[in-house]
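So the structure is just underneath, and the comments pick up after that.
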Amino acid sequence: MLQYLKNHKKKLFYFISLVLLIWFIYCLPNPLFKTPTSTVMVDVQGRLLAAKIADDGQWRFPETDSIPDKFIKAITYFEDEYFYYHPGFNPISILRAFKQNISAGKVVSGASTISMQTIRLSRKGKKRNIPEKIIEIFQAMRMEISYSKNEILNLYASHAPFGGNVVGLEAASWRYFGREPAQLSWGEITALAVLPNAPALIYPGKNQIKLKSKRNRLLDKLNQKGVIDNETCDLAKSEPLPGAPFAIPQLAPHLLDRAIKEGNKGKRIITTIDYSLQKKVNKIVKNYHGILSENEIHNIAILILDVEKGTVLSYVGNSNCKHGNSGKDVDIITAPRSTGSILKPFLYAFMQQDGAILPNTLIPDIPTQIAGYSPKNFNESFDGVVPASEALARSLNIPAVRMLRDYSIEKFYTNLKKLNLHTIDQPASHYGLSIILGGAEATLWDLSNAYMGMAQTLNDSDVFAFAEFFKDHPDVKRKVKNPPFEPGAIWNTFEALTTLNRPSQETGWQEFQSSKKIAWKTGTSFGHRDAWSIGITPKYVVGVWVGNADGEGRPGLTGTRVAAPILFKVFKQLPYNNWFQKPDWDLTTVTVCKQSGYLASEICTNTKEISISKNGLKTVTCPYHQIVKLDKEKKFRVNSNCYPVSKMQLESWFVLPPIEEWYFKRKNPFYKILPPYKKGCNQEIFKNMDVIYPKNLTKILIPVELDGSKGKAVFEIAHRNTNTIIFWHLDNTYIGETKNTHRMEIDAKPGKYKMTLVDNQGETLSFNFEIMD
């Protein structure tokens, strides 16, 4: 065997060399470090927004692209003065360390370069002996081939231990000084530079004398080498050492959690968040939370979107509430909540672009029952009729429900799906008419994006997109073939939303309104559980939600009183921008009746020109104006049977149906009721009274009173003439009469009945109803 080796020693040499060469080529692991890292979120300028600790419990930020020049000089002069000149190991340092260790009889110097230390950090758990040191040397040499000097420094600075559970320069800078490394002084940067050398012994807050001594020796060396002058050195020495660790900034913790859920765990996430704006919005949330928490309202969420760029500027998912079970960890921005009235502008826009209404079409606002569903206005009153734009501005519930019924829930539901409201995922029949009043749930994210899409379409008719919060996202301002809304319908909707009265709690809003035109809408869910407010300008969309994450309702928790003041406070932080350009190319000018809002008929006397969606031309002309025949003095209505035709005065008269008129004239003293018929004139067929409750064929369940006695059903009738007497007959049995206010209490046994009403002019009205057992 020995003879064979002697004869083939040259081949053996080549073989061993080849094996060593192959080992050398592949000896460096890829990646070099496999340890988990913290998830770090920054703004576009690299400023820290939030971070989450790594899975192994270490504050270890992802590797950075660059490190401050101060730290480079400090760490190289402290650890490896010839770093930029050696190939990974320093032979002179190794010989010197060998002599020192022999003389001392123990290891007193390791002679490790920064490259070798980087390798040792990547080889966790390896013993510190000569064989391992040799492996470190070779791997360090191999690393010098694959990495530049600056890349090696970055690896070292990202993985060096800095005491406790702090790893890496960036994490150490935030934990010990509360600032990013680039902002550290010489005294601070040198204190960190000496820590990796003995992190277990020199821990900030402890061993202060040893830490200060090492730091000052390094400062003296930097002074001697001409890196810093005498004054800088003296000032740096006077700086205090780090004490108790700082908390890592958490300006956008909920956005960080969301990014982690979307597959970005352990990464450095560069977002579109505006750092300064995020701090301002957090402060607004903190201030309002302090006020609202007195009413046991604990949670606030705010989202700000950049309409032009399609990006997120601020994301505050919840208030930082200290209350025990406040649900502060819930990201309200992505949590489904009852929408309240916040969907009403969508219905208003859809109906206009489909030619179902004009901007100011009169909508009935009267007691309403539809298949057992009886909506109520927030103020529990009735206006009789109200323009559609005003109904939207005042967020009246009854007109909204009646509009939805006329438009059809199925059509509205189909259009809503185009807005990417992902949590409205049940069939249309599941929601019914209540969808317009909060019967569905949506997220602040989806709703704000839907309104941003409207603003984008009004700015650029082919754009309707969702916002992104990542810096390197694809172009969200993509062209779409058929945006959900037409620019003309959006224009009239936003114009209606700018007329809203500002909430009384926001002092000085009159000046604010004159300086910034904002389209905004509020919403309040049933039981005062959710308060919404969303505002739109050509540049920004701001969405606000206020309430309790656990769904507890609170008195006074409404969109106008609670969420809207926060909305305006946020808009004050945003720069001024001009209003939208009117899309004249998508609108047509028509003449409408000023009183009814319908297309003007020939007999409408008071008209005006407005801009409407082109499909609005399909709507009917004014149904409320009639030609009325009057006597010469215009005091009575007449007809040809009792009055000379030559003396008749013909006049156009605005006439509402009886129930609408009954409520309308209470709030509109200038409304002119029809004159009575002249004595001796036979009344033409004209409906003067109508049933408010119950409608024909209604099934009535009479409740039991608190004392256990049987209650009574209250019937109500509207009549045009205030002084008219109405005689009530139940199944042809006279039960009483009413004057002025026509209400009658009915106490009847279960069964089917017919009610007949006769006024003192002989007009008759009948309807059927059933008392349930």
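Identifiers in the structure tokens: chain A, B, ... in order shown; residue index from 1 per chain; ligand index from 1 in order shown.
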With only C-alpha atoms as the counted atoms, please give the residues lying no more than 7 Å from Val714 in chain A, apart from itself and same-chain residues fewer than 5 positions off, as a PyMOL selection string. chain A and resi 743-746
Residues near Tyr451 in chain A, anyone? I mean within 12 Å using only C-alpha atoms, not counting same-chain ones fewer than 4 positions away, as a CSV table (one decimal) with N, CA and C atoms, in the first residue's frame.
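The resulting out-v7.csv:
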chain,number,residue,atom,x,y,z
A,304,ILE,N,-56.3,56.7,5.1
A,304,ILE,CA,-56.2,57.8,4.1
A,304,ILE,C,-55.6,57.2,2.8
A,305,LEU,N,-56.2,57.5,1.7
A,305,LEU,CA,-55.8,57.0,0.4
A,305,LEU,C,-55.5,58.1,-0.5
A,306,ASP,N,-54.4,57.9,-1.3
A,306,ASP,CA,-54.0,58.9,-2.3
A,306,ASP,C,-54.8,58.5,-3.6
A,307,VAL,N,-55.7,59.3,-4.0
A,307,VAL,CA,-56.6,59.0,-5.2
A,307,VAL,C,-55.7,58.9,-6.5
A,310,GLY,N,-53.2,56.0,-6.1
A,310,GLY,CA,-53.8,54.7,-5.8
A,310,GLY,C,-53.1,54.0,-4.7
A,342,ILE,N,-73.9,54.2,4.9
A,342,ILE,CA,-72.7,54.6,4.0
A,342,ILE,C,-72.9,54.1,2.6
A,343,LEU,N,-73.8,53.2,2.3
A,343,LEU,CA,-74.0,52.7,0.9
A,343,LEU,C,-75.0,53.6,0.1
A,344,LYS,N,-75.7,54.6,0.8
A,344,LYS,CA,-76.7,55.4,0.1
A,344,LYS,C,-76.2,56.1,-1.1
A,345,PRO,N,-75.0,56.7,-1.1
A,345,PRO,CA,-74.5,57.4,-2.3
A,345,PRO,C,-74.3,56.5,-3.5
A,346,PHE,N,-74.0,55.2,-3.2
A,346,PHE,CA,-73.9,54.3,-4.4
A,346,PHE,C,-75.3,54.1,-5.1
A,349,ALA,N,-76.2,57.2,-7.1
A,349,ALA,CA,-75.4,57.3,-8.3
A,349,ALA,C,-75.9,56.3,-9.3
A,419,LEU,N,-68.2,46.8,-7.1
A,419,LEU,CA,-67.4,47.6,-6.2
A,419,LEU,C,-66.4,46.9,-5.4
A,420,ASN,N,-66.4,45.6,-5.5
A,420,ASN,CA,-65.5,44.7,-4.7
A,420,ASN,C,-65.7,44.8,-3.2
A,421,LEU,N,-66.9,44.9,-2.8
A,421,LEU,CA,-67.3,44.8,-1.4
A,421,LEU,C,-67.3,43.4,-1.0
A,444,LEU,N,-63.9,49.0,6.3
A,444,LEU,CA,-63.5,50.3,6.0
A,444,LEU,C,-62.5,50.3,4.8
A,445,TRP,N,-61.8,49.3,4.7
A,445,TRP,CA,-60.9,49.1,3.5
A,445,TRP,C,-61.7,49.1,2.2
A,446,ASP,N,-62.6,48.2,2.1
A,446,ASP,CA,-63.4,48.1,0.9
A,446,ASP,C,-64.2,49.3,0.6
A,447,LEU,N,-64.8,49.9,1.6
A,447,LEU,CA,-65.7,51.1,1.4
A,447,LEU,C,-64.8,52.3,0.9
A,455,ALA,N,-63.8,58.6,-7.2
A,455,ALA,CA,-63.0,59.8,-7.4
A,455,ALA,C,-62.0,59.6,-8.6
A,456,GLN,N,-61.4,58.4,-8.7
A,456,GLN,CA,-60.5,58.1,-9.8
A,456,GLN,C,-61.3,58.2,-11.2
A,457,THR,N,-62.5,57.6,-11.2
A,457,THR,CA,-63.3,57.6,-12.4
A,457,THR,C,-63.6,59.1,-12.8
A,458,LEU,N,-63.9,59.9,-11.8
A,458,LEU,CA,-64.2,61.3,-12.1
A,458,LEU,C,-63.0,62.0,-12.6
A,464,PHE,N,-60.7,52.7,-12.2
A,464,PHE,CA,-61.4,52.3,-11.0
A,464,PHE,C,-60.6,51.2,-10.4
A,465,ALA,N,-59.8,51.5,-9.3
A,465,ALA,CA,-58.9,50.4,-8.8
A,465,ALA,C,-58.8,50.5,-7.3
A,466,PHE,N,-58.2,49.4,-6.7
A,466,PHE,CA,-58.0,49.3,-5.3
A,466,PHE,C,-56.6,49.9,-4.9
A,467,ALA,N,-56.5,50.4,-3.7
A,467,ALA,CA,-55.2,51.0,-3.3
A,467,ALA,C,-54.3,49.9,-2.9
A,484,PRO,N,-67.8,50.9,-12.8
A,484,PRO,CA,-69.1,50.7,-12.2
A,484,PRO,C,-69.9,52.0,-12.3
A,485,PHE,N,-69.3,53.2,-12.3
A,485,PHE,CA,-70.0,54.4,-12.3
A,485,PHE,C,-69.6,55.3,-13.5
A,490,ILE,N,-71.4,60.4,-10.9
A,490,ILE,CA,-70.5,60.6,-9.7
A,490,ILE,C,-70.4,62.1,-9.4
A,493,THR,N,-73.5,63.1,-7.6
A,493,THR,CA,-73.5,62.5,-6.2
A,493,THR,C,-72.6,63.3,-5.3
A,494,PHE,N,-71.4,63.5,-5.8
A,494,PHE,CA,-70.4,64.3,-4.9
A,494,PHE,C,-70.9,65.7,-4.6
A,519,ALA,N,-66.6,66.2,-0.4
A,519,ALA,CA,-67.8,65.3,-0.5
A,519,ALA,C,-67.7,64.3,0.7
A,520,TRP,N,-68.7,64.3,1.6
A,520,TRP,CA,-68.6,63.4,2.7
A,520,TRP,C,-69.9,62.8,3.1
A,521,LYS,N,-69.8,61.6,3.6
A,521,LYS,CA,-71.0,60.9,4.0
A,521,LYS,C,-70.8,60.2,5.4
A,533,SER,N,-67.6,57.7,8.8
A,533,SER,CA,-67.6,58.9,8.0
A,533,SER,C,-66.5,58.8,6.9
A,534,ILE,N,-66.9,59.1,5.7
A,534,ILE,CA,-65.9,59.0,4.6
A,534,ILE,C,-66.0,60.3,3.8
A,535,GLY,N,-64.8,60.8,3.6
A,535,GLY,CA,-64.7,62.1,2.8
A,535,GLY,C,-63.9,61.9,1.6
A,536,ILE,N,-64.2,62.6,0.5
A,536,ILE,CA,-63.6,62.5,-0.8
A,536,ILE,C,-63.3,63.8,-1.4
A,537,THR,N,-62.0,64.0,-1.9
A,537,THR,CA,-61.6,65.1,-2.7
A,537,THR,C,-60.9,64.5,-3.9
A,538,PRO,N,-60.5,65.3,-4.9
A,538,PRO,CA,-59.8,64.8,-6.1
A,538,PRO,C,-58.5,64.1,-5.7
A,539,LYS,N,-57.9,64.5,-4.6
A,539,LYS,CA,-56.6,64.0,-4.2
A,539,LYS,C,-56.7,62.9,-3.2
A,540,TYR,N,-57.6,63.0,-2.2
A,540,TYR,CA,-57.6,62.1,-1.1
A,540,TYR,C,-59.0,61.5,-0.8
A,541,VAL,N,-59.0,60.3,-0.2
A,541,VAL,CA,-60.1,59.7,0.4
A,541,VAL,C,-59.7,59.4,1.9
A,542,VAL,N,-60.6,59.9,2.8
A,542,VAL,CA,-60.3,59.6,4.2
A,542,VAL,C,-61.5,58.8,4.8
A,543,GLY,N,-61.2,57.7,5.3
A,543,GLY,CA,-62.3,56.8,6.0
A,543,GLY,C,-62.1,56.8,7.4
List every residue of range 315-393 of chain A that DSSP, applied to the backbone, labels as strand (DSSP E or B), and write the result as a PyMOL selection string. chain A and resi 315-316+337-338+362-365+370+373+384-387
Give me the residues near Ala50 in chain A as a PyMOL selection string, where near means some atom within 12 Å (using only C-alpha atoms) and where sequence neighbours in that chain fewer than 5 positions away do not count. chain A and resi 38-43+61+171+174+247-260+268-271+273+275+278-279+315-316
Could you tell me, as a list in words, which residues of range 523-639 of chain A DSSP assigns to helix (DSSP H, G or I) when given the backbone? Gly559, Thr560, Arg561, Val562, Ala563, Ala564, Pro565, Ile566, Leu567, Phe568, Lys569, Val570, Phe571, Asp584, Trp585, Asp586, Lys614, Asn615, Gly616, Leu617 and Lys618 of chain A
Of the listed residues A:Val401, A:Cys604, A:Leu757, A:Cys681, that which approaches Glu651 in chain A most closely, counting only C-alpha atoms: A:Cys604
Set out as JSON lines a contact list for range 50-103 of chain A and range 220-232 of chain A with a cut-off of 8 Å, giving each residue of range 50-103 of chain A that qualifies its closest atom pair and distance in Å to one decimal, counting only C-alpha atoms, ordered by chain and rising residue number.
{"residue": "A:Lys73", "atom": "CA", "partner": "A:Val227", "partner_atom": "CA", "distance": 7.9}
{"residue": "A:Ala74", "atom": "CA", "partner": "A:Leu222", "partner_atom": "CA", "distance": 7.4}
{"residue": "A:Tyr77", "atom": "CA", "partner": "A:Leu222", "partner_atom": "CA", "distance": 7.4}
Fewer than 2 positions away in the same chain doesn't count, so skip those; otherwise give me all residues within 8 Å of range 635-650 of chain A, counting only C-alpha atoms, as an NGL selection string. :A and (627-633 or 652 or 675-678 or 680-682)
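Taking only C-alpha atoms into account, Thr339 in chain A lies nearest to A:Asp530 out of the set A:Asp530, A:Glu737, A:Glu380, A:Glu770.
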List as a tab-separated table every residue of range 269-361 of chain A that is in contact with range 593-597 of chain A, defined as an atom at most 10 Å from one of its atoms (using only C-alpha atoms), together with the nearest atom pair and the distance in Å rounded to one decimal, sorted by chain and then rising number.
residue	atom	partner	partner_atom	distance
A:Ile357	CA	A:Gly597	CA	9.1
A:Leu358	CA	A:Gly597	CA	6.9
A:Pro359	CA	A:Gly597	CA	7.3
A:Asn360	CA	A:Gly597	CA	4.6
A:Thr361	CA	A:Gly597	CA	4.2
Please list as number ranges by chain every residue within 9 Å of Asp365 in chain A, counting only C-alpha atoms and excluding residues in the same chain fewer than 3 positions away. A: 368, 377, 381-386, 391, 396-399, 402, 660, 663-664
What does the file look like for those residues with all heavy atoms, as a CSV table (one decimal), in the first residue's frame?
chain,number,residue,atom,x,y,z
A,368,THR,N,-94.1,54.2,6.1
A,368,THR,CA,-93.9,53.2,5.1
A,368,THR,C,-93.8,51.8,5.7
A,368,THR,O,-93.1,51.6,6.6
A,368,THR,CB,-92.6,53.5,4.2
A,368,THR,OG1,-92.8,54.8,3.6
A,368,THR,CG2,-92.4,52.4,3.2
A,377,ASN,N,-86.9,57.1,10.0
A,377,ASN,CA,-85.9,58.1,9.9
A,377,ASN,C,-85.2,58.2,11.3
A,377,ASN,O,-85.8,57.9,12.3
A,377,ASN,CB,-86.4,59.4,9.5
A,377,ASN,CG,-86.8,59.4,8.0
A,377,ASN,OD1,-86.2,58.7,7.2
A,377,ASN,ND2,-87.8,60.2,7.7
A,381,SER,N,-89.3,61.5,12.2
A,381,SER,CA,-90.3,62.5,11.7
A,381,SER,C,-90.4,62.2,10.2
A,381,SER,O,-89.6,61.4,9.6
A,381,SER,CB,-89.9,63.9,12.0
A,381,SER,OG,-88.7,64.3,11.2
A,382,PHE,N,-91.3,62.9,9.6
A,382,PHE,CA,-91.6,62.7,8.1
A,382,PHE,C,-91.7,64.1,7.5
A,382,PHE,O,-92.2,65.1,8.0
A,382,PHE,CB,-92.9,62.0,7.9
A,382,PHE,CG,-93.0,60.7,8.7
A,382,PHE,CD1,-93.7,60.7,9.9
A,382,PHE,CD2,-92.4,59.5,8.2
A,382,PHE,CE1,-93.8,59.5,10.7
A,382,PHE,CE2,-92.5,58.4,9.0
A,382,PHE,CZ,-93.2,58.3,10.2
A,383,ASP,N,-91.1,64.2,6.3
A,383,ASP,CA,-91.2,65.4,5.5
A,383,ASP,C,-92.2,65.4,4.4
A,383,ASP,O,-92.4,66.4,3.8
A,383,ASP,CB,-89.8,65.7,4.8
A,383,ASP,CG,-88.8,66.3,5.8
A,383,ASP,OD1,-89.1,66.2,7.0
A,383,ASP,OD2,-87.8,66.8,5.4
A,384,GLY,N,-92.9,64.3,4.2
A,384,GLY,CA,-93.9,64.2,3.1
A,384,GLY,C,-93.2,63.9,1.8
A,384,GLY,O,-93.4,62.7,1.3
A,385,VAL,N,-92.5,64.8,1.3
A,385,VAL,CA,-91.6,64.5,0.1
A,385,VAL,C,-90.3,65.3,0.3
A,385,VAL,O,-90.3,66.3,1.0
A,385,VAL,CB,-92.3,65.0,-1.2
A,385,VAL,CG1,-93.4,64.0,-1.6
A,385,VAL,CG2,-92.7,66.4,-1.2
A,386,VAL,N,-89.3,64.8,-0.3
A,386,VAL,CA,-88.0,65.5,-0.2
A,386,VAL,C,-87.2,65.2,-1.5
A,386,VAL,O,-87.3,64.1,-2.0
A,386,VAL,CB,-87.2,64.9,1.1
A,386,VAL,CG1,-86.9,63.5,1.0
A,386,VAL,CG2,-86.0,65.7,1.3
A,391,ALA,N,-82.4,64.1,0.5
A,391,ALA,CA,-82.6,62.9,1.2
A,391,ALA,C,-81.2,62.2,1.4
A,391,ALA,O,-81.0,61.7,2.5
A,391,ALA,CB,-83.5,61.9,0.5
A,396,LEU,N,-81.8,60.4,5.0
A,396,LEU,CA,-83.1,60.0,5.4
A,396,LEU,C,-83.3,58.5,5.0
A,396,LEU,O,-83.0,58.2,3.9
A,396,LEU,CB,-84.2,60.9,4.8
A,396,LEU,CG,-84.1,62.4,5.2
A,396,LEU,CD1,-85.1,63.2,4.4
A,396,LEU,CD2,-84.4,62.5,6.7
A,397,ASN,N,-83.8,57.8,5.9
A,397,ASN,CA,-83.9,56.3,5.7
A,397,ASN,C,-85.1,55.9,4.8
A,397,ASN,O,-85.0,55.1,4.0
A,397,ASN,CB,-84.0,55.6,7.1
A,397,ASN,CG,-82.7,55.7,7.8
A,397,ASN,OD1,-81.6,55.9,7.3
A,397,ASN,ND2,-82.8,55.6,9.2
A,398,ILE,N,-86.3,56.5,5.1
A,398,ILE,CA,-87.5,56.1,4.4
A,398,ILE,C,-87.3,56.4,2.9
A,398,ILE,O,-87.6,55.5,2.1
A,398,ILE,CB,-88.7,56.8,5.0
A,398,ILE,CG1,-89.0,56.3,6.4
A,398,ILE,CG2,-89.9,56.6,4.1
A,398,ILE,CD1,-90.1,57.0,7.2
A,399,PRO,N,-86.9,57.6,2.5
A,399,PRO,CA,-86.7,57.8,1.0
A,399,PRO,C,-85.7,56.8,0.4
A,399,PRO,O,-85.9,56.4,-0.7
A,399,PRO,CB,-86.2,59.3,1.0
A,399,PRO,CG,-86.8,59.9,2.2
A,399,PRO,CD,-86.7,58.9,3.2
A,402,ARG,N,-87.5,53.5,-0.1
A,402,ARG,CA,-88.4,53.6,-1.2
A,402,ARG,C,-87.7,53.7,-2.5
A,402,ARG,O,-88.1,53.1,-3.5
A,402,ARG,CB,-89.3,54.8,-1.0
A,402,ARG,CG,-90.2,54.6,0.3
A,402,ARG,CD,-91.1,55.8,0.4
A,402,ARG,NE,-92.2,55.8,-0.5
A,402,ARG,CZ,-93.5,55.4,-0.2
A,402,ARG,NH1,-93.8,55.0,1.0
A,402,ARG,NH2,-94.4,55.4,-1.2
A,660,GLU,N,-98.6,62.5,1.4
A,660,GLU,CA,-97.4,63.3,1.2
A,660,GLU,C,-97.7,64.8,1.6
A,660,GLU,O,-96.9,65.5,2.3
A,660,GLU,CB,-96.9,63.3,-0.2
A,660,GLU,CG,-96.1,62.0,-0.5
A,660,GLU,CD,-97.0,60.8,-1.0
A,660,GLU,OE1,-98.2,60.9,-0.6
A,660,GLU,OE2,-96.6,59.9,-1.7
A,663,TYR,N,-98.0,65.6,5.5
A,663,TYR,CA,-96.8,65.8,6.3
A,663,TYR,C,-96.0,67.0,5.7
A,663,TYR,O,-95.3,67.7,6.5
A,663,TYR,CB,-95.9,64.5,6.2
A,663,TYR,CG,-96.5,63.4,7.1
A,663,TYR,CD1,-97.2,62.4,6.5
A,663,TYR,CD2,-96.3,63.4,8.4
A,663,TYR,CE1,-97.7,61.4,7.2
A,663,TYR,CE2,-96.9,62.4,9.2
A,663,TYR,CZ,-97.5,61.4,8.6
A,663,TYR,OH,-98.1,60.4,9.4
A,664,PHE,N,-96.1,67.2,4.4
A,664,PHE,CA,-95.3,68.2,3.8
A,664,PHE,C,-95.7,69.6,4.2
A,664,PHE,O,-94.9,70.5,4.5
A,664,PHE,CB,-95.4,68.1,2.2
A,664,PHE,CG,-94.5,69.1,1.5
A,664,PHE,CD1,-93.1,68.8,1.3
A,664,PHE,CD2,-95.0,70.2,0.9
A,664,PHE,CE1,-92.3,69.7,0.6
A,664,PHE,CE2,-94.2,71.1,0.2
A,664,PHE,CZ,-92.9,70.9,0.0
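Neighbouring residues of Trp728 in chain A at 7 Å or closer, counting only C-alpha atoms and skipping chain neighbours under 6 positions away, are Tyr734, Ile735, Gly736, Glu737, Thr756, Leu757 and Val758 of chain A.
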Serialized selection, all heavy atoms, as a CSV table (one decimal), in the first residue's frame:
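part32.csv, written as the output of this step:
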chain,number,residue,atom,x,y,z
A,734,TYR,N,-121.0,52.2,12.8
A,734,TYR,CA,-120.4,53.5,13.1
A,734,TYR,C,-119.6,53.4,14.4
A,734,TYR,O,-120.2,53.0,15.4
A,734,TYR,CB,-121.5,54.6,13.1
A,734,TYR,CG,-120.9,55.9,13.6
A,734,TYR,CD1,-120.2,56.7,12.7
A,734,TYR,CD2,-121.2,56.4,14.9
A,734,TYR,CE1,-119.7,58.0,13.2
A,734,TYR,CE2,-120.8,57.6,15.3
A,734,TYR,CZ,-120.0,58.4,14.5
A,734,TYR,OH,-119.6,59.6,14.9
A,735,ILE,N,-118.3,53.8,14.4
A,735,ILE,CA,-117.6,53.7,15.7
A,735,ILE,C,-117.0,55.0,16.1
A,735,ILE,O,-116.4,55.1,17.2
A,735,ILE,CB,-116.4,52.7,15.5
A,735,ILE,CG1,-115.5,53.2,14.3
A,735,ILE,CG2,-116.9,51.3,15.2
A,735,ILE,CD1,-114.2,52.4,14.2
A,736,GLY,N,-117.2,56.1,15.3
A,736,GLY,CA,-116.8,57.4,15.8
A,736,GLY,C,-116.4,58.3,14.6
A,736,GLY,O,-116.5,58.0,13.5
A,737,GLU,N,-116.0,59.5,15.0
A,737,GLU,CA,-115.6,60.5,14.0
A,737,GLU,C,-114.3,61.3,14.5
A,737,GLU,O,-114.1,61.3,15.7
A,737,GLU,CB,-116.7,61.5,13.7
A,737,GLU,CG,-117.1,62.3,14.9
A,737,GLU,CD,-118.3,63.2,14.6
A,737,GLU,OE1,-119.4,62.7,14.2
A,737,GLU,OE2,-118.2,64.5,14.8
A,756,THR,N,-114.6,51.5,6.6
A,756,THR,CA,-115.1,52.4,5.6
A,756,THR,C,-115.1,53.8,6.2
A,756,THR,O,-115.5,54.0,7.3
A,756,THR,CB,-116.5,52.1,5.2
A,756,THR,OG1,-116.5,50.7,4.7
A,756,THR,CG2,-117.0,53.0,4.2
A,757,LEU,N,-114.5,54.8,5.5
A,757,LEU,CA,-114.4,56.2,5.9
A,757,LEU,C,-115.1,57.1,5.0
A,757,LEU,O,-115.1,56.9,3.8
A,757,LEU,CB,-112.9,56.6,5.9
A,757,LEU,CG,-111.9,55.6,6.7
A,757,LEU,CD1,-110.5,56.0,6.4
A,757,LEU,CD2,-112.2,55.8,8.2
A,758,VAL,N,-115.9,58.0,5.6
A,758,VAL,CA,-116.7,59.0,4.8
A,758,VAL,C,-116.4,60.4,5.3
A,758,VAL,O,-116.6,60.6,6.5
A,758,VAL,CB,-118.2,58.6,4.8
A,758,VAL,CG1,-118.9,59.6,3.9
A,758,VAL,CG2,-118.4,57.2,4.4
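Of note, CA of Lys309 in chain A and CA of Met452 in chain A are spaced 10.6 Å apart.
One distance worth recording is that between CA of Cys622 in chain A and CA of Phe350 in chain A, which is 21.2 Å.
Counting only C-alpha atoms and comparing A:Gln353, A:Asn216, A:Ser408, A:Gln573, the residue that lies closest to Thr588 in chain A is A:Gln353.
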